[in-house]
Every structure is written in structure tokens, then in C-alpha cells.
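Visitor: My structure file final_22.txt, compact mmCIF, C-alpha atoms, is below:
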# COMPACT_ATOMS: atom_id res chain seq x y z
CA MET Z 90 0.00 0.00 0.00
CA ARG Z 91 2.85 2.39 0.84
CA LEU Z 92 4.43 1.76 -2.56
CA ARG Z 93 1.16 2.25 -4.45
CA LEU Z 94 0.55 5.78 -3.12
CA PRO Z 95 3.80 7.34 -4.47
CA LEU Z 96 3.29 5.49 -7.74
CA PHE Z 97 -0.27 6.86 -8.03
CA MET Z 98 0.90 10.42 -7.30
CA CYS Z 99 3.61 10.14 -9.96
CA VAL Z 100 1.15 8.98 -12.62
CA ALA Z 101 -1.32 11.72 -11.64
CA SER Z 102 1.34 14.42 -11.94
CA LEU Z 103 2.30 13.18 -15.41
CA LEU Z 104 -1.33 13.25 -16.54
CA CYS Z 105 -1.82 16.76 -15.19
CA GLY Z 106 1.29 17.93 -16.99
CA ALA Z 107 0.05 16.48 -20.25
CA LEU Z 108 -3.37 18.06 -19.86
CA SER Z 109 -1.96 21.46 -18.97
CA SER Z 110 0.36 21.42 -21.95
CA SER Z 111 -2.57 20.69 -24.27
CA VAL Z 112 -4.80 23.35 -22.68
CA PHE Z 113 -2.23 26.09 -23.08
CA ALA Z 114 -1.05 24.98 -26.49
CA ASP Z 115 -2.60 28.02 -28.16
CA ASN Z 116 -0.74 30.47 -25.90
CA SER Z 117 2.55 28.64 -26.47
CA ASP Z 118 1.94 28.86 -30.23
CA THR Z 119 1.61 32.63 -29.98
CA GLU Z 120 4.86 32.82 -28.04
CA ARG Z 121 6.67 30.71 -30.64
CA TRP Z 122 5.63 33.02 -33.50
CA SER Z 123 8.63 34.94 -34.75
CA HIS Z 124 8.66 38.70 -34.99
CA GLN Z 125 7.23 39.84 -38.31
CA LYS Z 126 6.63 43.23 -39.91
CA VAL Z 127 3.38 43.71 -41.77
CA ARG Z 128 2.27 46.56 -43.99
CA ALA Z 129 -1.28 47.64 -43.23
CA GLY Z 130 -3.10 49.62 -45.90
CA VAL Z 131 -5.38 52.09 -44.18
CA PHE Z 132 -8.31 54.08 -45.56
CA ALA Z 133 -9.17 57.14 -43.45
CA ASP Z 134 -12.81 56.92 -42.44
CA ALA Z 135 -13.88 57.82 -38.92
CA PRO Z 136 -14.31 56.20 -36.50
CA PHE Z 137 -12.43 53.20 -37.93
CA ALA Z 138 -9.24 54.99 -38.99
CA ILE Z 139 -8.41 58.64 -38.36
CA SER Z 140 -5.23 60.41 -39.39
CA ASP Z 141 -3.64 62.14 -36.40
CA PRO Z 142 -0.55 64.36 -36.89
CA ALA Z 143 0.62 63.63 -33.34
CA MET Z 144 -0.10 59.88 -33.13
CA GLY Z 145 -0.02 58.91 -36.80
CA TRP Z 146 -3.22 56.91 -36.82
CA LYS Z 147 -6.03 56.27 -34.37
CA GLY Z 148 -9.52 54.87 -34.47
CA TYR Z 149 -11.45 51.73 -33.69
CA SER Z 150 -9.72 49.49 -36.26
CA VAL Z 151 -6.29 50.97 -35.51
CA ASP Z 152 -6.62 50.49 -31.76
CA LEU Z 153 -7.89 46.94 -32.23
CA LEU Z 154 -5.09 46.02 -34.62
CA THR Z 155 -2.52 47.46 -32.20
CA GLU Z 156 -3.79 45.23 -29.39
CA ILE Z 157 -3.87 42.19 -31.66
CA ALA Z 158 -0.36 42.82 -33.02
CA SER Z 159 1.10 43.02 -29.52
CA ARG Z 160 -0.25 39.53 -28.76
CA VAL Z 161 0.86 37.76 -31.92
CA ASN Z 162 4.30 39.40 -32.33
CA LEU Z 163 3.51 41.61 -35.32
CA GLU Z 164 4.98 45.02 -36.06
CA VAL Z 165 2.59 47.18 -38.08
CA GLU Z 166 3.59 49.80 -40.65
CA TYR Z 167 0.68 51.87 -41.95
CA VAL Z 168 0.35 52.78 -45.62
CA PRO Z 169 -2.45 55.33 -46.39
CA TYR Z 170 -4.76 54.93 -49.39
CA ALA Z 171 -7.03 57.64 -50.78
CA THR Z 172 -9.94 55.34 -51.70
CA LEU Z 173 -11.19 51.86 -50.91
CA PRO Z 174 -10.70 50.58 -54.49
CA GLU Z 175 -7.05 51.63 -54.35
CA LEU Z 176 -6.66 49.79 -51.03
CA TYR Z 177 -8.21 46.63 -52.48
CA GLU Z 178 -5.92 46.83 -55.50
CA GLY Z 179 -2.91 47.19 -53.22
CA LEU Z 180 -3.95 44.08 -51.31
CA GLY Z 181 -4.43 42.17 -54.55
CA ARG Z 182 -0.95 43.10 -55.80
CA GLY Z 183 0.65 42.28 -52.47
CA ASP Z 184 1.77 45.86 -51.80
CA VAL Z 185 0.25 45.58 -48.32
CA ASP Z 186 -0.61 42.59 -46.16
CA VAL Z 187 -3.66 43.85 -44.27
CA GLY Z 188 -6.41 46.33 -45.09
CA ILE Z 189 -8.14 48.26 -42.31
CA GLY Z 190 -10.77 50.96 -42.22
CA ASN Z 191 -14.39 50.94 -43.26
CA ILE Z 192 -14.28 47.42 -44.73
CA LEU Z 193 -17.42 45.30 -44.94
CA VAL Z 194 -17.35 41.60 -45.73
CA THR Z 195 -19.20 41.05 -49.02
CA SER Z 196 -19.53 38.17 -51.47
CA ARG Z 197 -17.83 40.22 -54.15
CA GLY Z 198 -14.92 41.00 -51.85
CA VAL Z 199 -14.46 37.35 -50.87
CA GLU Z 200 -13.89 36.49 -54.54
CA ARG Z 201 -10.55 38.32 -54.55
CA LEU Z 202 -9.63 38.86 -50.89
CA GLU Z 203 -9.60 37.04 -47.57
CA PHE Z 204 -11.15 38.39 -44.40
CA THR Z 205 -10.53 37.83 -40.72
CA GLN Z 206 -13.21 37.04 -38.19
CA PRO Z 207 -15.73 39.91 -37.81
CA ILE Z 208 -14.61 42.85 -35.71
CA LEU Z 209 -18.00 44.62 -35.66
CA ASP Z 210 -21.58 44.22 -36.85
CA GLY Z 211 -22.95 46.97 -39.07
CA GLY Z 212 -24.93 47.90 -42.14
CA LEU Z 213 -26.04 50.81 -44.30
CA ARG Z 214 -28.02 53.83 -43.21
CA ILE Z 215 -29.28 57.10 -44.70
CA MET Z 216 -28.25 60.66 -43.83
CA VAL Z 217 -30.48 63.58 -44.88
CA SER Z 218 -30.32 67.32 -44.43
CA GLY Z 219 -32.35 68.85 -41.64
CA ASP Z 220 -32.40 72.22 -43.41
CA LYS Z 221 -35.74 73.28 -44.93
CA ARG Z 222 -34.38 76.10 -47.09
CA HIS Z 223 -35.30 76.72 -50.73
CA SER Z 224 -39.01 76.02 -50.09
CA LEU Z 225 -40.07 78.95 -52.32
CA GLY Z 226 -37.97 77.62 -55.17
CA LYS Z 227 -39.47 74.16 -54.77
CA LEU Z 228 -42.95 75.70 -54.65
CA TRP Z 229 -42.31 77.52 -57.92
CA ASP Z 230 -40.93 74.37 -59.56
CA GLY Z 231 -44.00 72.45 -58.44
CA LEU Z 232 -46.36 75.08 -59.82
CA VAL Z 233 -44.52 75.09 -63.14
CA SER Z 234 -44.34 71.30 -63.50
CA GLY Z 235 -48.03 70.98 -62.58
CA GLY Z 236 -49.12 73.47 -65.24
CA HIS Z 237 -50.52 75.86 -62.66
CA VAL Z 238 -48.28 78.75 -63.69
CA ARG Z 239 -49.55 78.47 -67.25
CA VAL Z 240 -53.14 78.64 -66.05
CA VAL Z 241 -52.38 81.63 -63.84
CA ALA Z 242 -50.61 83.36 -66.74
CA ILE Z 243 -53.71 82.86 -68.90
CA GLY Z 244 -55.82 84.19 -66.05
CA ALA Z 245 -53.56 87.24 -65.73
CA GLY Z 246 -53.97 87.94 -69.45
CA PHE Z 247 -57.73 87.58 -69.09
CA THR Z 248 -57.65 89.99 -66.12
CA VAL Z 249 -55.86 92.61 -68.20
CA CYS Z 250 -58.35 92.17 -71.06
CA ALA Z 251 -61.29 92.36 -68.64
CA SER Z 252 -59.81 95.54 -67.14
CA VAL Z 253 -59.54 97.16 -70.58
CA LEU Z 254 -63.10 96.12 -71.41
CA LEU Z 255 -64.36 97.47 -68.09
CA LEU Z 256 -62.48 100.70 -68.72
CA VAL Z 257 -64.22 101.18 -72.07
CA VAL Z 258 -67.65 100.36 -70.60
CA LEU Z 259 -67.19 102.73 -67.68
CA ARG Z 260 -66.04 105.55 -69.93
CA LEU Z 261 -69.09 105.02 -72.16
CA PHE Z 262 -71.82 104.54 -69.56
CA GLU Z 263 -70.51 106.12 -66.35
CA PRO Z 264 -70.59 109.94 -66.50
CA GLN Z 265 -68.66 110.31 -63.27
CA PHE Z 266 -65.81 108.04 -64.38
CA THR Z 267 -62.41 109.68 -64.92
CA ARG Z 268 -61.44 110.72 -68.42
CA ARG Z 269 -57.74 109.94 -67.91
CA TRP Z 270 -56.68 106.64 -69.47
CA ARG Z 271 -54.02 105.69 -66.91
CA GLU Z 272 -56.17 106.49 -63.90
CA GLY Z 273 -59.14 104.86 -65.61
CA PHE Z 274 -57.25 101.65 -66.33
CA ALA Z 275 -55.91 101.53 -62.77
CA GLU Z 276 -59.43 101.93 -61.38
CA ALA Z 277 -60.87 99.26 -63.67
CA PHE Z 278 -57.96 96.88 -62.93
CA TYR Z 279 -58.50 97.38 -59.21
CA HIS Z 280 -62.21 96.49 -59.46
CA VAL Z 281 -61.50 93.37 -61.56
CA VAL Z 282 -58.79 92.06 -59.23
CA SER Z 283 -60.90 92.87 -56.16
CA VAL Z 284 -63.78 90.78 -57.49
CA LEU Z 285 -61.43 87.95 -58.47
CA MET Z 286 -59.66 87.78 -55.13
CA THR Z 287 -62.40 88.72 -52.64
CA GLY Z 288 -65.65 88.31 -54.55
CA LYS Z 289 -66.68 91.93 -53.94
CA THR Z 290 -65.75 95.48 -54.87
CA ASN Z 291 -66.35 98.99 -53.56
CA TYR Z 292 -67.74 100.23 -56.91
CA SER Z 293 -70.82 102.43 -56.25
CA GLY Z 294 -71.66 103.73 -59.70
CA THR Z 295 -74.86 103.35 -61.65
CA LEU Z 296 -73.54 100.62 -63.95
CA GLY Z 297 -74.91 97.21 -63.03
CA ARG Z 298 -78.07 98.34 -61.25
CA GLY Z 299 -80.34 96.91 -63.92
CA TRP Z 300 -81.31 93.26 -64.22
CA ILE Z 301 -78.70 92.60 -66.91
CA GLY Z 302 -76.02 94.22 -64.77
CA ARG Z 303 -77.08 92.12 -61.78
CA ILE Z 304 -76.74 88.91 -63.78
CA VAL Z 305 -73.31 89.95 -65.09
CA VAL Z 306 -72.14 90.85 -61.57
CA ALA Z 307 -73.44 87.53 -60.18
CA LEU Z 308 -71.63 85.54 -62.86
CA TRP Z 309 -68.52 87.58 -62.30
CA LEU Z 310 -68.66 86.85 -58.55
CA CYS Z 311 -68.94 83.11 -59.25
CA PHE Z 312 -65.94 83.32 -61.53
CA GLY Z 313 -64.00 85.19 -58.86
CA VAL Z 314 -64.79 82.59 -56.18
CA ALA Z 315 -63.71 79.77 -58.52
CA THR Z 316 -60.48 81.60 -59.30
CA VAL Z 317 -59.62 82.06 -55.63
CA ALA Z 318 -60.44 78.40 -54.91
CA TYR Z 319 -58.24 77.22 -57.78
CA VAL Z 320 -55.24 79.33 -56.79
CA THR Z 321 -55.52 78.33 -53.15
CA SER Z 322 -55.91 74.61 -53.86
CA SER Z 323 -53.04 74.64 -56.37
CA ILE Z 324 -50.59 76.20 -53.93
CA ALA Z 325 -51.75 73.93 -51.11
CA SER Z 326 -51.41 70.76 -53.22
CA VAL Z 327 -47.91 71.68 -54.42
CA MET Z 328 -46.78 72.52 -50.88
CA THR Z 329 -48.15 69.22 -49.62
CA ALA Z 330 -46.42 67.31 -52.40
CA ASN Z 331 -43.13 69.09 -51.67
CA SER Z 332 -43.47 68.30 -47.98
CA LEU Z 333 -44.05 64.61 -48.68
CA ALA Z 334 -41.31 64.49 -51.29
CA ARG Z 335 -38.81 66.00 -48.87
CA GLU Z 336 -39.32 63.24 -46.30
CA ILE Z 337 -36.94 60.30 -46.55
CA ASN Z 338 -37.54 57.73 -43.84
CA GLY Z 339 -35.85 54.67 -45.28
CA PRO Z 340 -34.53 52.93 -48.39
CA ASN Z 341 -38.02 52.71 -49.90
CA ASP Z 342 -38.07 56.52 -50.19
CA LEU Z 343 -34.85 56.74 -52.24
CA PRO Z 344 -36.23 56.10 -55.77
CA GLY Z 345 -36.38 59.35 -57.70
CA ARG Z 346 -33.76 61.02 -55.47
CA VAL Z 347 -30.10 61.86 -56.04
CA VAL Z 348 -28.07 59.72 -53.63
CA GLU Z 349 -24.38 60.01 -52.72
CA THR Z 350 -22.21 57.05 -51.77
CA LEU Z 351 -18.56 56.25 -51.08
CA GLU Z 352 -16.42 55.26 -54.06
CA GLY Z 353 -16.11 51.48 -54.30
CA SER Z 354 -18.21 50.87 -51.19
CA PRO Z 355 -21.05 48.35 -50.72
CA ALA Z 356 -23.38 51.38 -50.56
CA LEU Z 357 -22.47 52.25 -54.16
CA ARG Z 358 -23.15 48.69 -55.27
CA TYR Z 359 -26.46 48.74 -53.40
CA VAL Z 360 -27.76 51.95 -55.03
CA SER Z 361 -26.57 50.70 -58.42
CA SER Z 362 -28.42 47.41 -57.97
CA GLN Z 363 -31.57 49.36 -57.06
CA GLY Z 364 -31.28 51.56 -60.15
CA LEU Z 365 -31.02 54.74 -58.07
CA GLN Z 366 -29.54 57.96 -59.38
CA SER Z 367 -26.25 58.30 -57.54
CA ARG Z 368 -23.03 60.25 -57.21
CA SER Z 369 -19.82 58.97 -55.62
CA PHE Z 370 -17.44 60.80 -53.33
CA LYS Z 371 -13.98 60.13 -51.90
CA ASN Z 372 -14.72 61.06 -48.29
CA LEU Z 373 -17.65 61.85 -46.06
CA ASP Z 374 -16.75 65.53 -45.69
CA ASP Z 375 -17.34 66.18 -49.40
CA ALA Z 376 -20.60 64.23 -49.28
CA VAL Z 377 -22.01 66.22 -46.36
CA VAL Z 378 -21.07 69.52 -48.04
CA ALA Z 379 -23.06 68.48 -51.11
CA LEU Z 380 -25.94 67.37 -48.89
CA VAL Z 381 -26.27 70.59 -46.90
CA ASN Z 382 -25.97 72.60 -50.13
CA HIS Z 383 -28.95 70.63 -51.51
CA GLN Z 384 -26.94 69.24 -54.43
CA VAL Z 385 -28.08 65.74 -53.42
CA ASP Z 386 -31.05 64.44 -51.45
CA ALA Z 387 -29.37 61.84 -49.25
CA VAL Z 388 -26.09 60.13 -48.37
CA VAL Z 389 -26.02 56.35 -48.07
CA SER Z 390 -23.07 54.88 -46.20
CA ASP Z 391 -22.31 52.59 -43.30
CA SER Z 392 -24.19 53.52 -40.14
CA SER Z 393 -21.16 53.80 -37.85
CA SER Z 394 -19.42 56.37 -40.04
CA LEU Z 395 -22.57 58.47 -40.46
CA GLU Z 396 -23.46 58.48 -36.77
CA TYR Z 397 -19.89 59.23 -35.71
CA TYR Z 398 -19.64 62.12 -38.18
CA ASP Z 399 -22.91 63.58 -36.93
CA PHE Z 400 -21.68 63.21 -33.34
CA LEU Z 401 -18.46 65.11 -34.09
CA HIS Z 402 -20.23 67.92 -36.02
CA PRO Z 403 -23.26 68.98 -33.97
CA ASN Z 404 -23.28 72.35 -35.76
CA ILE Z 405 -24.10 70.71 -39.12
CA ASN Z 406 -27.83 70.23 -39.56
CA VAL Z 407 -28.02 66.61 -40.73
CA ASN Z 408 -29.94 63.59 -39.44
CA GLU Z 409 -29.69 59.81 -39.77
CA VAL Z 410 -33.04 58.29 -40.64
CA GLY Z 411 -34.49 54.84 -41.07
CA PRO Z 412 -33.33 51.42 -39.90
CA LEU Z 413 -30.16 49.54 -40.77
CA PHE Z 414 -30.35 47.72 -44.09
CA GLU Z 415 -27.98 45.52 -46.08
CA ARG Z 416 -26.53 44.28 -42.80
CA ARG Z 417 -22.88 43.21 -42.99
CA HIS Z 418 -19.88 42.45 -40.79
CA TYR Z 419 -16.77 44.61 -40.53
CA ALA Z 420 -13.44 42.81 -40.69
CA PHE Z 421 -9.78 43.18 -41.60
CA ALA Z 422 -9.07 42.39 -45.26
CA VAL Z 423 -6.08 40.18 -46.02
CA GLY Z 424 -4.37 39.39 -49.32
CA GLU Z 425 -4.68 35.88 -50.74
CA ARG Z 426 -0.95 35.25 -50.13
CA SER Z 427 -1.12 36.18 -46.44
CA ASP Z 428 -2.65 33.08 -44.85
CA GLU Z 429 -0.16 33.09 -41.98
CA ILE Z 430 -0.94 36.73 -41.15
CA ARG Z 431 -4.69 36.06 -41.32
CA ARG Z 432 -4.27 33.14 -38.87
CA ARG Z 433 -2.29 35.32 -36.49
CA LEU Z 434 -4.89 38.08 -36.67
CA ASN Z 435 -7.72 35.63 -35.96
CA VAL Z 436 -5.92 34.17 -32.95
CA GLY Z 437 -5.03 37.64 -31.70
CA LEU Z 438 -8.63 38.75 -32.10
CA LEU Z 439 -9.81 35.83 -29.99
CA LEU Z 440 -7.24 36.67 -27.31
CA VAL Z 441 -8.38 40.28 -27.28
CA ARG Z 442 -12.01 39.16 -26.93
CA GLU Z 443 -11.21 36.73 -24.14
CA GLY Z 444 -9.24 39.37 -22.26
CA GLY Z 445 -12.09 41.89 -22.31
CA ILE Z 446 -10.04 44.39 -24.33
CA PHE Z 447 -12.35 44.11 -27.33
CA GLU Z 448 -15.37 45.50 -25.48
CA HIS Z 449 -13.24 48.22 -23.92
CA ILE Z 450 -12.07 49.47 -27.33
CA ARG Z 451 -15.59 49.21 -28.73
CA SER Z 452 -17.03 51.30 -25.88
CA GLN Z 453 -14.45 54.04 -26.51
CA TRP Z 454 -15.57 54.55 -30.13
CA PHE Z 455 -19.22 53.48 -30.09
CA ALA Z 456 -20.34 54.39 -26.59
CA ARG Z 457 -23.25 56.50 -27.78
In C-alpha cells, write the structure found in this file.
Guide:
Amino acid sequence: MRLRLPLFMCVASLLCGALSSSVFADNSDTERWSHQKVRAGVFADAPFAISDPAMGWKGYSVDLLTEIASRVNLEVEYVPYATLPELYEGLGRGDVDVGIGNILVTSRGVERLEFTQPILDGGLRIMVSGDKRHSLGKLWDGLVSGGHVRVVAIGAGFTVCASVLLLVVLRLFEPQFTRRWREGFAEAFYHVVSVLMTGKTNYSGTLGRGWIGRIVVALWLCFGVATVAYVTSSIASVMTANSLAREINGPNDLPGRVVETLEGSPALRYVSSQGLQSRSFKNLDDAVVALVNHQVDAVVSDSSSLEYYDFLHPNINVNEVGPLFERRHYAFAVGERSDEIRRRLNVGLLLVREGGIFEHIRSQWFAR
């Protein structure tokens, strides 16, 4: 019995050593990885990657990659790219090993690139201007396109003709009426417009006191009421249409509008697939300038970038509207020849998640 106890303890210690070595195999693998420099192509798009003169680069993706690199023995050198298509081309040629920034995992992207595990959930959203300027211009455009201006122009011509006719009648049958043509026309024009707009006039002459005059005045009053009703209803209908047309509450309201998107982004592919009229821009600053200047009706981009931009610029009158659509995952893009780097990044990402650092970085950039 005394010999069995030490023998049992020896076997147990060997088993525990074997189990512990297998449990911590992943950590030992990370320690055995040799030091390696990687070139990271970065596209500046807040809050994922922000150029900082003092720090070089900062942002959600930059901070996350820094934490990952420190755990898998990578040294990162950042290479800036002006647009996403240029970054993707650089990855395809092997100029850089990793792509970071506003990068969504898409089926088209998987055809030519590799992606790490997701680093954030996201999707597309719509930004619109909160400024209601240029309403008079839109009202005029609506009246013209609806044919109302043409009708009013015909009515104005009829008013002038009726004023001339009334002037002649008053000069012939009203002894007290002025003999001056300019004053006479002004007086007749005033009476015609007064009847058209208000349905009554302050004329107190003898003309119209007979039964024929009464009938003519009655018909004229009916015509004036109809004219006022038409003008009022036309303006009201155009203003209502403009108000409804100005409201964009989601992707279903985008047809017929001019939409801006980021060059080479999934948002551009989405609006193209929907047959929407679109313009592309290189950065969000240019897009918002066009939006607030009413050159476009909406900006479609990833929700995180739009909300972060709005948060940083409270003085710019823009709003994000509607739900998320075309939901995607954000990730780091990796070239097809960088399998080893992709494996290191995936392991490092898991280590960052397990250590609670992932949620800490996320809360710093997406706390609101």
C-alpha cells in the first residue's frame, strides 16, 4: 500500500502535466511566432481609422489592430490609401498585407480577398439634411411642372383684357368716371382684381343696377370665387407634395432622389443594384457639403461612419433616418498570399475578446 501511493501520485502528476500542456497549447503557439513586420493599408474613415498628426493613426480598427499585433508578435507599418478601391488593388498586388478601415465583408470581396473574423456588426443607413431652405424655389418648380403657372398666366392675361373692357364700358356709360386713361385703367384693374380675389368690390356707380347688370355681376362673382379656390388649392397641393417628397424615412423613399455614396463601397453597389440615381465621393466631408448645399437628397453609407460624423459635427444640420439595411460584418481584409498573417490576426482577435479588451475598445468609439 505504501508503494502504491507514491506510484499513483507520480502517474497523476504526469497526466496533469500532459493536460496542462494541451490546454495552453494556443498560448505557447503565440509565443513561438517569430517577430514579423506587416504593412497595413489604411483608408481614413472615422471612426475606424483617423489620421492624427501627433499619433499617426487612431480609431477603432487601428486600436484593435494594435492590441492584436502586440499579442501575436507583429509590427505594423501603416500605408495610407485615398480610396477603398485603391486599397483593395494594393492588397491584390501584395503591396500591403492587411487592409483596415471601413471594410465590410461582401460576397464580391471574398472572390478576390480574404477576411478575418468579424470585428464589428454593421450595415447601411441614410443621412439627410435637416435644413428646410429653398421652399419657395421648390414651390415655384412644383407650380410650373403641374401646369398651374400656365393657367395663372392665362388668367392674368384675361384679367388685363377684362380691365380694358371694363375701362371702355365705364367711360361710355358712367358719366362720373375719370377721363384719364391711366387712372381709368388703374381703377378698372383694381375692381376686376378685387372681385377675383375677394368676390366683392367697392364700386358704387350706376352701372350694373339693372337686371342685366345684376346677372353679369353675379356671374362675375362666381368666376372670382372659382379663381380664388383654384389658386388656393393649387398652392396647397404643391406645398403638400413638396413636404411629402422631402421626407426620406428609409430605403423605400430613395427612388427618384439623387443619392451620394462612397467610391467602391457596398453602398455604391447597393444603389446601383436598385437603379437609383447616384453620385460617388472620396470622403464623407465632401458628401455632407453636397448634402447641406442641396446638391443631393441623401447620403447612403455605413451607419457607424454616419453616426460618428454627426456626433463630431453637432453644428451641421443633418440627421440619420431609417433602420439599418444591407446588414454586414466589418473585418480586416487580407491578401490571398497572407494566410499566416490572417491566422495570427484571428488568434489575436480571440485573445483580445477573451481578455475583455475588445469590449473596452468598442465602448471608446461606439459608446453613444
Visitor: Which residues come within 8 Å of Val253 of chain Z, counting all atoms listed in the file, excluding same-chain residues fewer than 6 positions away, as a compact mmCIF listing (two decimals) with C-alpha atoms, in the frame of the given file?
Guide:
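The new file out-v4.txt reads:
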# COMPACT_ATOMS: atom_id res chain seq x y z
CA PHE Z 274 -57.25 101.65 -66.33
CA ALA Z 277 -60.87 99.26 -63.67
CA PHE Z 278 -57.96 96.88 -62.93
Visitor: Pick from Z:Glu425, Z:Asp184, Z:Asp399, Z:Glu415: nearest to Tyr359 of chain Z, with all atoms listed in the file counted?
Guide: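 Looking at the shortest contact to Tyr359 of chain Z, the residue is Z:Glu415.
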Visitor: Pick out the residues sitting within 6 Å of Arg416 of chain Z, and hand them over as a PyMOL selection string; count all atoms listed in the file, and ignore anything fewer than 2 positions along from it in its own chain.
Guide: chain Z and resi 211-212+414
Visitor: Atom CA of Asp391 of chain Z to atom CA of Ala129 of chain Z: how many Å, to one decimal?
Guide: 21.6 Å
Visitor: Just checking: using all atoms listed in the file, which residue out of Z:Leu440, Z:Ala135, Z:Pro142, Z:Ala422 ends up closest to Leu180 of chain Z?
Guide: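 For Leu180 of chain Z, the nearest of the given residues is Z:Ala422.
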Visitor: How many Å lie between atom CA of Leu434 of chain Z and atom CA of Ala158 of chain Z, rounded to one decimal?
Guide: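 We find that atom CA of Leu434 of chain Z and atom CA of Ala158 of chain Z lie 7.5 Å from each other.
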Visitor: Find the axis-aligned box for segment 133-149 of chain Z, covering all its listed atoms and adding 5 Å on each side, and write its centre and edge lengths in Å to one decimal as AutoDock Vina command-line options.
Guide:
--center_x -6.8 --center_y 58.0 --center_z -38.3 --size_x 24.9 --size_y 22.6 --size_z 20.3
